[in-house]
>>> print(open('start18.cif').read())   # mmCIF, C-alpha atoms and all ligand atoms
data_target
#
loop_
_atom_site.group_PDB
_atom_site.id
_atom_site.type_symbol
_atom_site.label_atom_id
_atom_site.label_comp_id
_atom_site.auth_asym_id
_atom_site.auth_seq_id
_atom_site.Cartn_x
_atom_site.Cartn_y
_atom_site.Cartn_z
ATOM 1 C CA MET A 10 2.528 -2.781 -19.530
ATOM 2 C CA ALA A 11 -0.754 -3.894 -18.002
ATOM 3 C CA ILE A 12 -3.372 -2.707 -15.546
ATOM 4 C CA LEU A 13 -3.654 -5.129 -12.628
ATOM 5 C CA ASN A 14 -6.740 -5.983 -10.577
ATOM 6 C CA ILE A 15 -6.662 -4.419 -7.093
ATOM 7 C CA LEU A 16 -8.096 -6.644 -4.334
ATOM 8 C CA ASN A 17 -10.907 -5.048 -2.336
ATOM 9 C CA TYR A 18 -11.331 -5.253 1.440
ATOM 10 C CA PRO A 19 -12.507 -7.595 3.026
ATOM 11 C CA ASP A 20 -10.836 -10.012 0.586
ATOM 12 C CA PRO A 21 -8.949 -12.518 2.824
ATOM 13 C CA ARG A 22 -5.940 -12.431 0.447
ATOM 14 C CA LEU A 23 -5.195 -8.922 1.780
ATOM 15 C CA HIS A 24 -4.171 -10.600 5.053
ATOM 16 C CA THR A 25 -1.418 -12.730 3.456
ATOM 17 C CA ILE A 26 2.133 -12.183 4.748
ATOM 18 C CA ALA A 27 4.487 -11.346 1.846
ATOM 19 C CA LYS A 28 7.733 -13.269 1.280
ATOM 20 C CA PRO A 29 11.121 -11.593 0.680
ATOM 21 C CA ILE A 30 12.245 -11.292 -2.957
ATOM 22 C CA GLU A 31 15.391 -13.371 -3.525
ATOM 23 C CA VAL A 32 16.464 -12.052 -6.941
ATOM 24 C CA VAL A 33 15.450 -8.760 -8.590
ATOM 25 C CA ASP A 34 15.108 -9.995 -12.164
ATOM 26 C CA ASN A 35 13.118 -8.946 -15.232
ATOM 27 C CA SER A 36 9.928 -10.635 -13.965
ATOM 28 C CA ILE A 37 10.071 -8.427 -10.833
ATOM 29 C CA ARG A 38 10.799 -5.328 -12.959
ATOM 30 C CA LYS A 39 7.790 -6.182 -15.192
ATOM 31 C CA LEU A 40 5.597 -6.419 -12.069
ATOM 32 C CA VAL A 41 6.969 -3.027 -10.883
ATOM 33 C CA ASP A 42 6.116 -1.460 -14.270
ATOM 34 C CA ASP A 43 2.583 -2.925 -14.234
ATOM 35 C CA MET A 44 2.037 -1.856 -10.614
ATOM 36 C CA ALA A 45 3.219 1.689 -11.404
ATOM 37 C CA GLU A 46 0.778 1.937 -14.310
ATOM 38 C CA THR A 47 -2.018 0.567 -12.088
ATOM 39 C CA MET A 48 -1.184 2.982 -9.226
ATOM 40 C CA TYR A 49 -1.026 6.084 -11.445
ATOM 41 C CA LEU A 50 -4.284 5.197 -13.214
ATOM 42 C CA ALA A 51 -6.224 4.508 -9.978
ATOM 43 C CA PRO A 52 -5.043 7.190 -8.984
ATOM 44 C CA GLY A 53 -3.010 6.421 -5.884
ATOM 45 C CA ILE A 54 0.151 7.577 -4.168
ATOM 46 C CA GLY A 55 1.222 4.070 -3.164
ATOM 47 C CA LEU A 56 0.643 0.403 -3.958
ATOM 48 C CA ALA A 57 1.833 -2.835 -2.369
ATOM 49 C CA ALA A 58 2.268 -6.104 -4.305
ATOM 50 C CA THR A 59 -0.194 -7.709 -1.829
ATOM 51 C CA GLN A 60 -2.972 -5.497 -3.235
ATOM 52 C CA VAL A 61 -2.495 -6.973 -6.717
ATOM 53 C CA ASP A 62 -2.361 -10.536 -5.319
ATOM 54 C CA HIS A 63 1.431 -10.956 -5.463
ATOM 55 C CA HIS A 64 2.598 -11.927 -1.994
ATOM 56 C CA ILE A 65 6.174 -10.668 -2.215
ATOM 57 C CA GLN A 66 7.872 -7.756 -0.443
ATOM 58 C CA LEU A 67 7.499 -4.988 -3.014
ATOM 59 C CA ILE A 68 5.960 -1.540 -2.583
ATOM 60 C CA LEU A 69 5.723 1.583 -4.730
ATOM 61 C CA VAL A 70 5.260 5.143 -3.460
ATOM 62 C CA ASP A 71 4.989 8.428 -5.359
ATOM 63 C CA ILE A 72 3.585 11.385 -3.435
ATOM 64 C CA SER A 73 4.551 13.969 -6.100
ATOM 65 C CA GLU A 74 1.778 15.910 -7.872
ATOM 66 C CA THR A 75 3.613 15.448 -11.165
ATOM 67 C CA LYS A 76 3.713 11.623 -10.802
ATOM 68 C CA ASP A 77 7.395 11.553 -11.692
ATOM 69 C CA ASP A 78 9.042 10.601 -8.393
ATOM 70 C CA LEU A 79 8.477 6.861 -8.151
ATOM 71 C CA ASN A 80 10.082 5.106 -5.168
ATOM 72 C CA VAL A 81 10.442 1.344 -5.647
ATOM 73 C CA LEU A 82 11.167 -0.462 -2.379
ATOM 74 C CA ILE A 83 11.956 -4.176 -2.450
ATOM 75 C CA ASN A 84 12.315 -6.052 0.872
ATOM 76 C CA PRO A 85 11.868 -2.753 2.816
ATOM 77 C CA GLN A 86 12.943 -2.664 6.472
ATOM 78 C CA ILE A 87 12.416 0.234 8.899
ATOM 79 C CA ILE A 88 15.772 0.776 10.622
ATOM 80 C CA GLU A 89 14.901 3.971 12.555
ATOM 81 C CA ALA A 90 11.603 5.549 13.589
ATOM 82 C CA SER A 91 10.810 8.593 15.711
ATOM 83 C CA GLY A 92 7.949 10.904 16.671
ATOM 84 C CA HIS A 93 4.240 10.563 16.033
ATOM 85 C CA GLN A 94 1.808 11.947 13.472
ATOM 86 C CA GLU A 95 -1.826 11.422 12.577
ATOM 87 C CA TYR A 96 -3.033 11.417 8.981
ATOM 88 C CA GLN A 97 -6.405 10.845 7.317
ATOM 89 C CA GLU A 98 -5.488 7.736 5.302
ATOM 90 C CA GLY A 99 -7.136 6.195 2.280
ATOM 91 C CA CYS A 100 -6.503 2.905 0.503
ATOM 92 C CA LEU A 101 -7.164 1.735 -3.043
ATOM 93 C CA SER A 102 -8.364 -1.576 -1.538
ATOM 94 C CA VAL A 103 -10.942 0.261 0.631
ATOM 95 C CA PRO A 104 -12.459 2.768 -1.814
ATOM 96 C CA ASP A 105 -14.073 5.979 -0.474
ATOM 97 C CA VAL A 106 -13.051 5.387 3.142
ATOM 98 C CA PHE A 107 -10.728 7.872 4.888
ATOM 99 C CA GLU A 108 -9.830 7.555 8.564
ATOM 100 C CA LEU A 109 -7.245 9.000 10.951
ATOM 101 C CA VAL A 110 -4.327 6.664 11.717
ATOM 102 C CA LYS A 111 -1.366 7.324 14.079
ATOM 103 C CA ARG A 112 2.109 6.480 12.797
ATOM 104 C CA ALA A 113 5.771 7.442 13.264
ATOM 105 C CA GLU A 114 6.615 10.967 12.024
ATOM 106 C CA ARG A 115 10.079 10.115 10.678
ATOM 107 C CA ILE A 116 11.482 6.836 9.431
ATOM 108 C CA LYS A 117 14.666 5.529 7.834
ATOM 109 C CA VAL A 118 14.104 2.551 5.546
ATOM 110 C CA LYS A 119 16.593 0.148 3.973
ATOM 111 C CA ALA A 120 15.487 -1.574 0.757
ATOM 112 C CA LEU A 121 16.552 -2.770 -2.698
ATOM 113 C CA ASN A 122 15.789 -0.601 -5.730
ATOM 114 C CA TYR A 123 14.572 -1.466 -9.278
ATOM 115 C CA GLN A 124 18.105 -2.637 -10.148
ATOM 116 C CA GLY A 125 18.350 -4.801 -7.006
ATOM 117 C CA LYS A 126 20.842 -2.401 -5.379
ATOM 118 C CA SER A 127 20.627 -1.677 -1.631
ATOM 119 C CA PHE A 128 19.741 1.901 -0.598
ATOM 120 C CA GLU A 129 18.390 3.872 2.342
ATOM 121 C CA ILE A 130 15.662 6.480 2.326
ATOM 122 C CA GLU A 131 14.736 8.947 5.080
ATOM 123 C CA ALA A 132 11.125 10.084 5.085
ATOM 124 C CA ASP A 133 8.825 12.300 7.109
ATOM 125 C CA GLY A 134 5.266 13.620 6.759
ATOM 126 C CA LEU A 135 3.114 12.074 4.031
ATOM 127 C CA LEU A 136 5.998 10.076 2.505
ATOM 128 C CA ALA A 137 6.598 8.408 5.898
ATOM 129 C CA VAL A 138 2.849 7.731 6.300
ATOM 130 C CA CYS A 139 2.592 6.222 2.835
ATOM 131 C CA ILE A 140 5.662 3.970 3.231
ATOM 132 C CA GLN A 141 4.381 2.688 6.599
ATOM 133 C CA HIS A 142 0.893 2.113 5.114
ATOM 134 C CA GLU A 143 2.344 0.120 2.191
ATOM 135 C CA MET A 144 4.693 -1.867 4.458
ATOM 136 C CA ASP A 145 1.670 -2.820 6.575
ATOM 137 C CA HIS A 146 0.095 -4.358 3.439
ATOM 138 C CA LEU A 147 3.143 -6.670 3.214
ATOM 139 C CA LEU A 148 2.365 -7.837 6.762
ATOM 140 C CA GLY A 149 -1.238 -8.551 5.759
ATOM 141 C CA LYS A 150 -2.465 -5.458 7.584
ATOM 142 C CA VAL A 151 -4.994 -2.981 6.151
ATOM 143 C CA PHE A 152 -5.342 0.521 7.714
ATOM 144 C CA VAL A 153 -8.869 -0.292 8.926
ATOM 145 C CA ASP A 154 -7.245 -2.839 11.278
ATOM 146 C CA TYR A 155 -6.217 0.208 13.419
ATOM 147 C CA LEU A 156 -9.852 1.283 13.843
ATOM 148 C CA SER A 157 -12.391 0.191 16.465
ATOM 149 C CA PRO A 158 -14.254 -3.113 15.845
ATOM 150 C CA LEU A 159 -17.471 -1.107 15.354
ATOM 151 C CA LYS A 160 -15.956 1.190 12.676
ATOM 152 C CA ARG A 161 -14.347 -1.824 10.962
ATOM 153 C CA HIS A 162 -17.653 -3.691 10.952
ATOM 154 C CA ARG A 163 -19.416 -0.683 9.374
ATOM 155 C CA ILE A 164 -16.721 -0.424 6.688
ATOM 156 C CA LYS A 165 -16.958 -4.175 5.934
ATOM 157 C CA THR A 166 -20.744 -3.863 5.549
ATOM 158 C CA LYS A 167 -20.319 -0.829 3.255
ATOM 159 C CA MET A 168 -17.775 -2.680 1.073
ATOM 160 C CA LYS A 169 -19.958 -5.808 0.787
ATOM 161 C CA LYS A 170 -22.950 -3.595 -0.190
ATOM 162 C CA ARG A 171 -20.834 -1.964 -2.940
ATOM 163 C CA VAL A 172 -19.979 -5.403 -4.375
ATOM 164 C CA LYS A 173 -23.658 -6.495 -4.344
ATOM 165 C CA GLU A 174 -24.751 -3.254 -6.046
ATOM 166 C CA SER A 175 -22.056 -3.548 -8.711
ATOM 167 C CA LEU A 176 -23.147 -7.146 -9.431
ATOM 168 C CA ILE A 177 -26.800 -6.057 -9.809
ATOM 169 C CA SER A 178 -25.946 -3.178 -12.168
ATOM 170 C CA ALA A 179 -23.597 -5.338 -14.313
HETATM 171 O O1 LIG B 201 -3.988 1.608 -1.444
HETATM 172 C C1 LIG B 201 -2.925 2.115 -1.140
HETATM 173 O O2 LIG B 201 -2.162 1.546 -0.374
HETATM 174 C C2 LIG B 201 -2.587 3.463 -1.724
HETATM 175 C C3 LIG B 201 -3.049 4.623 -0.874
HETATM 176 C C4 LIG B 201 -1.839 5.176 -0.161
HETATM 177 C C5 LIG B 201 -2.087 6.106 1.001
HETATM 178 C C6 LIG B 201 -2.834 7.263 0.873
HETATM 179 C C7 LIG B 201 -3.019 8.105 1.960
HETATM 180 C C8 LIG B 201 -2.439 7.793 3.158
HETATM 181 C C9 LIG B 201 -1.719 6.641 3.286
HETATM 182 C C10 LIG B 201 -1.524 5.795 2.202
HETATM 183 C C11 LIG B 201 -3.671 5.661 -1.796
HETATM 184 O O3 LIG B 201 -3.045 6.160 -2.654
HETATM 185 S S1 LIG B 201 -5.327 6.092 -1.531
HETATM 186 C C12 LIG B 201 -5.600 7.403 -2.704
HETATM 187 C C13 LIG B 201 -5.061 8.716 -2.246
HETATM 188 O O4 LIG B 201 -4.931 8.939 -1.053
HETATM 189 C C14 LIG B 201 -4.665 9.760 -3.222
HETATM 190 C C15 LIG B 201 -4.843 9.587 -4.573
HETATM 191 C C16 LIG B 201 -4.465 10.590 -5.459
HETATM 192 C C17 LIG B 201 -3.902 11.740 -5.002
HETATM 193 C C18 LIG B 201 -3.714 11.929 -3.656
HETATM 194 C C19 LIG B 201 -4.087 10.940 -2.765
HETATM 195 ZN ZN ZN B 202 -3.568 0.586 1.103
#
>>> encode(input="start18.cif", output="structure tokens")
Amino acid sequence: MAILNILNYPDPRLHTIAKPIEVVDNSIRKLVDDMAETMYLAPGIGLAATQVDHHIQLILVDISETKDDLNVLINPQIIEASGHQEYQEGCLSVPDVFELVKRAERIKVKALNYQGKSFEIEADGLLAVCIQHEMDHLLGKVFVDYLSPLKRHRIKTKMKKRVKESLISA
């Protein structure tokens, strides 16, 4: 397995629209394994292929404390959504930024699993938030896109400053 590089906002590649996966083969399963290792190490509770510069419809989510409940969703589609909730979201591509985002409270999602088999998952609460957040990545959308232009501008400035400082100290 391997640790993959996570793209940092405002990298323009984070705004790429992901393509559907045609065949779930060993190269996809290798990417899933590498993404899982990367997500758990970060640590994160979700990761989209977009964030590791693979522009295909693949997301991982594991909200368990024991890190042993990995959900692999390939070509995910929301088929039902209801209610509203607000959650203070974070993102591995926007380190140290947490902001409130409004999303559906309950969703039903159809996807392919690690073996390429179709399944449905019903989610609410944090699992629903995390799946919607990761599916946004596949549409080239980062959670800061829900914020005001002023907040987004401040976050962009903060991220660019972090990069400059890390280059100076390297
Ligand atoms: O970058 C990502 O897409 C992953 C992101 C998922 C997420 C978190 C919170 C709300 C919506 C989506 C993260 O995992 S950020 C890190 C984080 O929130 C966390 C990490 C370890 C334990 C608990 C939370
Ligand atoms: Zn994210």
>>> residues_near_ligand(input="start18.cif", ligand="ligand LIG 201 (chain B)", cutoff="6 Å", atoms="all atoms listed in the file", output="JSON, numbers by chain")
{"A": [52, 53, 54, 55, 56, 98, 99, 100, 101, 102, 138, 139, 142, 143]}
>>> resolve_selection(input="start18.cif", expression="the PyMOL selection byres (((not hetatm)) within 12 of (chain B and resi 202))", output="number ranges by chain")
A: 15-18, 23-24, 48, 53-61, 68-70, 98-108, 138-154
>>> closest_residue(input="start18.cif", among="A:Lys111, A:Lys117, A:His64, A:Arg163", to="Thr25 of chain A", atoms="all atoms listed in the file")
A:His64
>>> residues_around(input="start18.cif", residues="Ala137 of chain A", least_positions_apart="4", cutoff="9 Å", atoms="only C-alpha atoms", output="PyMOL selection string")
chain A and resi 112-117+131-133+141-142
>>> closest_residue(input="start18.cif", among="A:Asp62, A:Met10, A:Leu135, A:Ser36", to="Arg22 of chain A", atoms="only C-alpha atoms")
A:Asp62
>>> atom_distance(input="start18.cif", atom1="atom CA of Ala27 of chain A", atom2="atom CA of His162 of chain A")
25.1 Å
>>> resolve_selection(input="start18.cif", expression="the PyMOL selection byres (((chain A and resi 32) around 12) and not hetatm)", output="MDAnalysis selection string")
chainID A and resid 29:31 33:38 65:66 83:84 121:126
>>> residues_around(input="start18.cif", residues="Pro85 of chain A", least_positions_apart="6", cutoff="7 Å", atoms="all atoms listed in the file", output="number ranges by chain")
A: 118-120
>>> closest_residue(input="start18.cif", among="A:Tyr155, A:Pro19, A:Leu13, A:Glu129", to="Lys170 of chain A", atoms="all atoms listed in the file")
A:Pro19
>>> decode(input="start18.cif", residues="segment 87-136 of chain A", atoms="C-alpha atoms", output="PDB file, in the first residue's frame")
ATOM      1  CA  ILE A  87     -28.246   9.992  -4.167  1.00  0.00           C
ATOM      2  CA  ILE A  88     -31.659   8.443  -4.859  1.00  0.00           C
ATOM      3  CA  GLU A  89     -33.560   9.917  -1.873  1.00  0.00           C
ATOM      4  CA  ALA A  90     -32.899  12.888   0.402  1.00  0.00           C
ATOM      5  CA  SER A  91     -34.945  14.441   3.195  1.00  0.00           C
ATOM      6  CA  GLY A  92     -34.694  16.935   6.051  1.00  0.00           C
ATOM      7  CA  HIS A  93     -31.962  19.414   6.872  1.00  0.00           C
ATOM      8  CA  GLN A  94     -29.009  19.479   9.252  1.00  0.00           C
ATOM      9  CA  GLU A  95     -26.070  21.761   9.916  1.00  0.00           C
ATOM     10  CA  TYR A  96     -22.632  20.415  10.787  1.00  0.00           C
ATOM     11  CA  GLN A  97     -19.247  22.017  11.445  1.00  0.00           C
ATOM     12  CA  GLU A  98     -17.335  20.446   8.540  1.00  0.00           C
ATOM     13  CA  GLY A  99     -13.631  19.998   7.996  1.00  0.00           C
ATOM     14  CA  CYS A 100     -11.683  18.817   4.963  1.00  0.00           C
ATOM     15  CA  LEU A 101      -8.259  17.235   4.569  1.00  0.00           C
ATOM     16  CA  SER A 102      -7.743  19.531   1.546  1.00  0.00           C
ATOM     17  CA  VAL A 103      -8.438  22.634   3.693  1.00  0.00           C
ATOM     18  CA  PRO A 104      -6.431  21.927   6.862  1.00  0.00           C
ATOM     19  CA  ASP A 105      -7.456  23.592  10.162  1.00  0.00           C
ATOM     20  CA  VAL A 106     -10.627  25.170   8.774  1.00  0.00           C
ATOM     21  CA  PHE A 107     -14.027  24.174  10.212  1.00  0.00           C
ATOM     22  CA  GLU A 108     -17.252  25.849   9.111  1.00  0.00           C
ATOM     23  CA  LEU A 109     -20.988  25.192   9.395  1.00  0.00           C
ATOM     24  CA  VAL A 110     -22.578  23.746   6.242  1.00  0.00           C
ATOM     25  CA  LYS A 111     -26.283  22.886   5.678  1.00  0.00           C
ATOM     26  CA  ARG A 112     -27.072  19.529   4.087  1.00  0.00           C
ATOM     27  CA  ALA A 113     -29.828  16.898   3.894  1.00  0.00           C
ATOM     28  CA  GLU A 114     -30.403  15.015   7.179  1.00  0.00           C
ATOM     29  CA  ARG A 115     -31.135  11.627   5.592  1.00  0.00           C
ATOM     30  CA  ILE A 116     -30.039  10.190   2.274  1.00  0.00           C
ATOM     31  CA  LYS A 117     -30.285   6.915   0.373  1.00  0.00           C
ATOM     32  CA  VAL A 118     -27.348   6.285  -1.950  1.00  0.00           C
ATOM     33  CA  LYS A 119     -26.890   3.700  -4.697  1.00  0.00           C
ATOM     34  CA  ALA A 120     -23.297   2.739  -5.538  1.00  0.00           C
ATOM     35  CA  LEU A 121     -20.934  -0.103  -6.458  1.00  0.00           C
ATOM     36  CA  ASN A 122     -18.819  -1.714  -3.736  1.00  0.00           C
ATOM     37  CA  TYR A 123     -15.161  -2.910  -3.684  1.00  0.00           C
ATOM     38  CA  GLN A 124     -16.200  -6.010  -5.664  1.00  0.00           C
ATOM     39  CA  GLY A 125     -18.103  -3.935  -8.251  1.00  0.00           C
ATOM     40  CA  LYS A 126     -21.485  -5.124  -6.923  1.00  0.00           C
ATOM     41  CA  SER A 127     -24.425  -2.687  -6.734  1.00  0.00           C
ATOM     42  CA  PHE A 128     -25.744  -1.820  -3.246  1.00  0.00           C
ATOM     43  CA  GLU A 129     -27.776   0.815  -1.434  1.00  0.00           C
ATOM     44  CA  ILE A 130     -26.947   2.554   1.811  1.00  0.00           C
ATOM     45  CA  GLU A 131     -29.228   4.682   4.001  1.00  0.00           C
ATOM     46  CA  ALA A 132     -27.474   7.300   6.098  1.00  0.00           C
ATOM     47  CA  ASP A 133     -28.330  10.050   8.549  1.00  0.00           C
ATOM     48  CA  GLY A 134     -26.390  12.381  10.857  1.00  0.00           C
ATOM     49  CA  LEU A 135     -22.615  12.504  10.407  1.00  0.00           C
ATOM     50  CA  LEU A 136     -22.539   9.594   7.925  1.00  0.00           C
TER      51      LEU A 136
END
